[in-house]
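For reference, the structure is listed below as structure tokens.
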Amino acid sequence: MAKAKKCPSVILGVLAIKPKSSGYDIKKMIEESLSYCWKESFGAIYPALKELAKEGLIHPEAKGNKTLYSLTSKGKKAFEAWMKEPPLEMQPRHELLLKLFFGHTISPEVIKTHLKINHERLKEKHTGLKTVEKMLKQHMKEDPGFPYWMMSLEYSKMQLESALKWTQKYLKNFNE
């Protein structure tokens, strides 16, 4: 698997946790369980499933009108190899920060509006993470993945809380 293409690795990971999943099931799990740290579109998932099957990393099985996928032993080994690789450095791409950098070229009201919108989005994401956290604690506490899910969730919560404080600080500056 190419290092730049993470979608196949994410799919292998989902199938390691939830075998016999359809493309829709994979997308749903990514949205419900990983959206705070990862996103994938159907447009990326289905071609990746096709490629993974071609490489013998997953086994497709037709069930009625859908196809269910499971890891092969080769797929398990590929997933384990990816898990052992050090994570690549995150590449920052944050449009709000980019616009702030150029903020002196436009009305302060425009920037203030961007900050308000960002603040509302952050609050929504934070609420969503708290919902996921509650669900995990209520229903998944005994799962061997629980402590790892909580670590990644806590990281994202702390990032959001920091971003919320930062946004509040600069919104307050605009109001002074």
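Just so we're on the same page: first chain in the structure tokens is A, next is B, and so on; residues restart at 1 for each chain, and ligands are numbered from 1 in the order they show up.
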
For region 123-135 of chain A, find every residue with an atom within 8 Å (counting only C-alpha atoms), except residues of its own chain fewer than 2 positions away, and show them as a list in words. Ser33, Tyr36, His119, Glu120, Arg121, Lys137, Gln138, His139, Met140, Met150, Leu153, Lys157, Leu160, Glu161 and Leu164 of chain A

With only C-alpha atoms as the counted atoms, please give the residues lying no more than 12 Å from Ser70 (chain A), apart from itself and same-chain residues fewer than 4 positions off, as a VMD selection string. chain A and resid 11 to 23 26 49 52 to 53 56 to 62 74 to 76

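When the distance limit is 12 Å and only C-alpha atoms are what count, the residues near Asn175 (chain A), minus those fewer than 5 positions from it on the same chain, are Pro108, Glu109, Lys112, Thr113, Lys116, Gln168, Lys169 and Tyr170 of chain A.
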
Filtering to C-alpha atoms, could you give me those residues as a short mmCIF file (atom, residue, chain, number, x, y, z; two decimals), in the first residue's frame?
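Output file part.cif is given in full below:
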data_model
loop_
_atom_site.label_atom_id
_atom_site.label_comp_id
_atom_site.auth_asym_id
_atom_site.auth_seq_id
_atom_site.Cartn_x
_atom_site.Cartn_y
_atom_site.Cartn_z
CA PRO A 108 -12.31 43.10 10.72
CA GLU A 109 -16.04 42.28 10.66
CA LYS A 112 -15.00 38.29 13.33
CA THR A 113 -17.75 36.47 11.41
CA LYS A 116 -18.01 33.14 15.20
CA GLN A 168 -13.40 32.91 22.64
CA LYS A 169 -10.29 34.94 23.45
CA TYR A 170 -10.10 36.51 20.00
#

Spatial neighbours of region 89-103 of chain A, max dist 10 Å, only C-alpha atoms, sep filter under 6 positions, as a PyMOL selection string: chain A and resi 110-112+114-115+118

Could you pull out the residues in chain A that DSSP calls strand (DSSP E or B) from the backbone, as a PDB file with C-alpha atoms, in the first residue's frame?
ATOM      1  CA  SER A  21     -19.010  -5.202   6.639  1.00  0.00           C
ATOM      2  CA  ILE A  58      -9.873  -8.574   1.717  1.00  0.00           C
ATOM      3  CA  HIS A  59     -12.423 -11.155   0.648  1.00  0.00           C
ATOM      4  CA  PRO A  60     -15.678  -9.905  -0.898  1.00  0.00           C
ATOM      5  CA  GLU A  61     -18.754 -12.063  -0.357  1.00  0.00           C
ATOM      6  CA  ALA A  62     -22.048 -11.368  -2.122  1.00  0.00           C
ATOM      7  CA  LYS A  63     -25.005 -11.396   0.278  1.00  0.00           C
ATOM      8  CA  LYS A  66     -24.791  -6.123  -1.106  1.00  0.00           C
ATOM      9  CA  THR A  67     -21.212  -7.252  -0.783  1.00  0.00           C
ATOM     10  CA  LEU A  68     -19.697  -7.965   2.616  1.00  0.00           C
ATOM     11  CA  TYR A  69     -15.948  -7.713   3.088  1.00  0.00           C
ATOM     12  CA  SER A  70     -13.630  -9.517   5.488  1.00  0.00           C
ATOM     13  CA  LEU A  71      -9.883  -9.425   6.014  1.00  0.00           C
TER      14      LEU A  71
END

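Between Lys39 (chain A) and the residues A:Gly64, A:Leu136, A:Lys54, A:Val10, the shortest atom-to-atom distance, using only C-alpha atoms, involves A:Val10.
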
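Using only C-alpha atoms, the nearest neighbour of Glu40 (chain A) within the list A:Ser152, A:Thr72, A:Thr105, A:Ser9 is A:Ser9.
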
For Ser156 (chain A), which of A:Ile106, A:Tyr46, A:Glu32, A:Leu122 is the closest residue, counting only C-alpha atoms?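 Using only C-alpha atoms, Ser156 (chain A) sits closest to A:Leu122.
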
Assign secondary structure with DSSP using the backbone only, and return the residues of chain A in alpha helix (DSSP H) as a PyMOL selection string. chain A and resi 7-17+23-29+42-54+73-84+95-101+108-139+146-175

Output C-alpha atoms for every residue in that selection, as a compact mmCIF listing (two decimals), in the first residue's frame.
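File out.txt, as written:
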# COMPACT_ATOMS: atom_id res chain seq x y z
CA CYS A 7 -8.06 4.97 2.96
CA PRO A 8 -7.05 1.32 2.42
CA SER A 9 -5.45 1.21 5.88
CA VAL A 10 -8.57 2.69 7.46
CA ILE A 11 -10.72 0.10 5.69
CA LEU A 12 -8.47 -2.72 6.88
CA GLY A 13 -8.74 -1.35 10.41
CA VAL A 14 -12.52 -1.17 10.27
CA LEU A 15 -12.66 -4.75 8.97
CA ALA A 16 -10.28 -5.86 11.74
CA ILE A 17 -12.82 -4.56 14.27
CA GLY A 23 -19.01 -0.47 1.96
CA TYR A 24 -21.93 1.36 3.56
CA ASP A 25 -21.14 -0.21 6.97
CA ILE A 26 -17.51 0.90 6.64
CA LYS A 27 -18.53 4.47 5.77
CA LYS A 28 -21.00 4.51 8.67
CA MET A 29 -18.37 3.33 11.16
CA PHE A 42 -17.81 6.71 -0.69
CA GLY A 43 -15.82 7.89 -3.72
CA ALA A 44 -12.63 6.82 -1.94
CA ILE A 45 -14.00 3.77 -0.10
CA TYR A 46 -15.41 1.78 -3.02
CA PRO A 47 -12.34 2.07 -5.30
CA ALA A 48 -10.15 1.17 -2.29
CA LEU A 49 -12.32 -1.90 -1.57
CA LYS A 50 -11.94 -2.98 -5.19
CA GLU A 51 -8.15 -2.53 -5.03
CA LEU A 52 -7.85 -4.30 -1.67
CA ALA A 53 -9.82 -7.27 -3.05
CA LYS A 54 -7.63 -7.32 -6.17
CA SER A 73 -4.69 -13.41 6.46
CA LYS A 74 -2.67 -11.31 4.00
CA GLY A 75 -4.88 -8.33 4.86
CA LYS A 76 -4.36 -8.86 8.60
CA LYS A 77 -0.59 -8.88 8.04
CA ALA A 78 -0.77 -5.71 5.91
CA PHE A 79 -2.85 -3.96 8.58
CA GLU A 80 -0.44 -5.03 11.33
CA ALA A 81 2.51 -3.79 9.24
CA TRP A 82 0.80 -0.41 8.77
CA MET A 83 0.03 -0.20 12.50
CA LYS A 84 3.72 -0.74 13.28
CA GLU A 95 -8.33 27.63 6.16
CA LEU A 96 -9.34 29.83 9.10
CA LEU A 97 -5.70 30.30 10.13
CA LEU A 98 -4.80 31.03 6.53
CA LYS A 99 -7.48 33.72 6.35
CA LEU A 100 -6.35 35.15 9.69
CA PHE A 101 -2.82 35.47 8.33
CA PRO A 108 -12.31 43.10 10.72
CA GLU A 109 -16.04 42.28 10.66
CA VAL A 110 -15.38 39.57 8.06
CA ILE A 111 -12.75 37.99 10.29
CA LYS A 112 -15.00 38.29 13.33
CA THR A 113 -17.75 36.47 11.41
CA HIS A 114 -15.31 33.71 10.48
CA LEU A 115 -14.35 33.33 14.14
CA LYS A 116 -18.01 33.14 15.20
CA ILE A 117 -18.76 30.47 12.60
CA ASN A 118 -15.67 28.53 13.63
CA HIS A 119 -16.67 28.79 17.30
CA GLU A 120 -20.14 27.34 16.56
CA ARG A 121 -18.63 24.48 14.54
CA LEU A 122 -16.20 23.70 17.35
CA LYS A 123 -19.03 23.64 19.90
CA GLU A 124 -21.00 21.22 17.70
CA LYS A 125 -17.98 18.94 17.31
CA HIS A 126 -17.30 19.07 21.05
CA THR A 127 -20.91 18.12 21.79
CA GLY A 128 -20.62 15.26 19.31
CA LEU A 129 -17.46 13.99 20.98
CA LYS A 130 -19.12 14.09 24.39
CA THR A 131 -21.97 12.01 22.96
CA VAL A 132 -19.51 9.47 21.53
CA GLU A 133 -17.65 9.39 24.85
CA LYS A 134 -20.88 8.73 26.77
CA MET A 135 -21.85 5.94 24.35
CA LEU A 136 -18.40 4.32 24.63
CA LYS A 137 -18.47 4.44 28.42
CA GLN A 138 -21.99 3.00 28.57
CA HIS A 139 -21.74 0.29 25.92
CA PHE A 146 -11.95 0.84 24.73
CA PRO A 147 -8.78 2.35 26.28
CA TYR A 148 -7.38 3.13 22.82
CA TRP A 149 -10.62 4.66 21.60
CA MET A 150 -10.69 6.81 24.73
CA MET A 151 -7.09 7.96 24.16
CA SER A 152 -7.84 9.17 20.64
CA LEU A 153 -11.13 10.69 21.75
CA GLU A 154 -9.46 12.54 24.65
CA TYR A 155 -6.81 13.94 22.29
CA SER A 156 -9.50 15.32 20.01
CA LYS A 157 -11.54 16.68 22.92
CA MET A 158 -8.51 18.51 24.32
CA GLN A 159 -7.73 19.97 20.88
CA LEU A 160 -11.31 21.19 20.52
CA GLU A 161 -11.36 22.66 24.03
CA SER A 162 -8.13 24.52 23.33
CA ALA A 163 -9.48 25.81 20.01
CA LEU A 164 -12.71 26.91 21.73
CA LYS A 165 -10.74 28.89 24.35
CA TRP A 166 -8.60 30.44 21.63
CA THR A 167 -11.66 31.43 19.58
CA GLN A 168 -13.40 32.91 22.64
CA LYS A 169 -10.29 34.94 23.45
CA TYR A 170 -10.10 36.51 20.00
CA LEU A 171 -13.84 37.05 19.69
CA LYS A 172 -13.63 38.92 23.00
CA ASN A 173 -10.77 41.03 21.56
CA PHE A 174 -13.00 42.02 18.62
CA ASN A 175 -15.74 43.08 21.05

CA of Lys6 (chain A) to CA of Glu55 (chain A), distance in Å rounded to a single decimal: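 Going from CA of Lys6 (chain A) over to CA of Glu55 (chain A) covers 15.5 Å.
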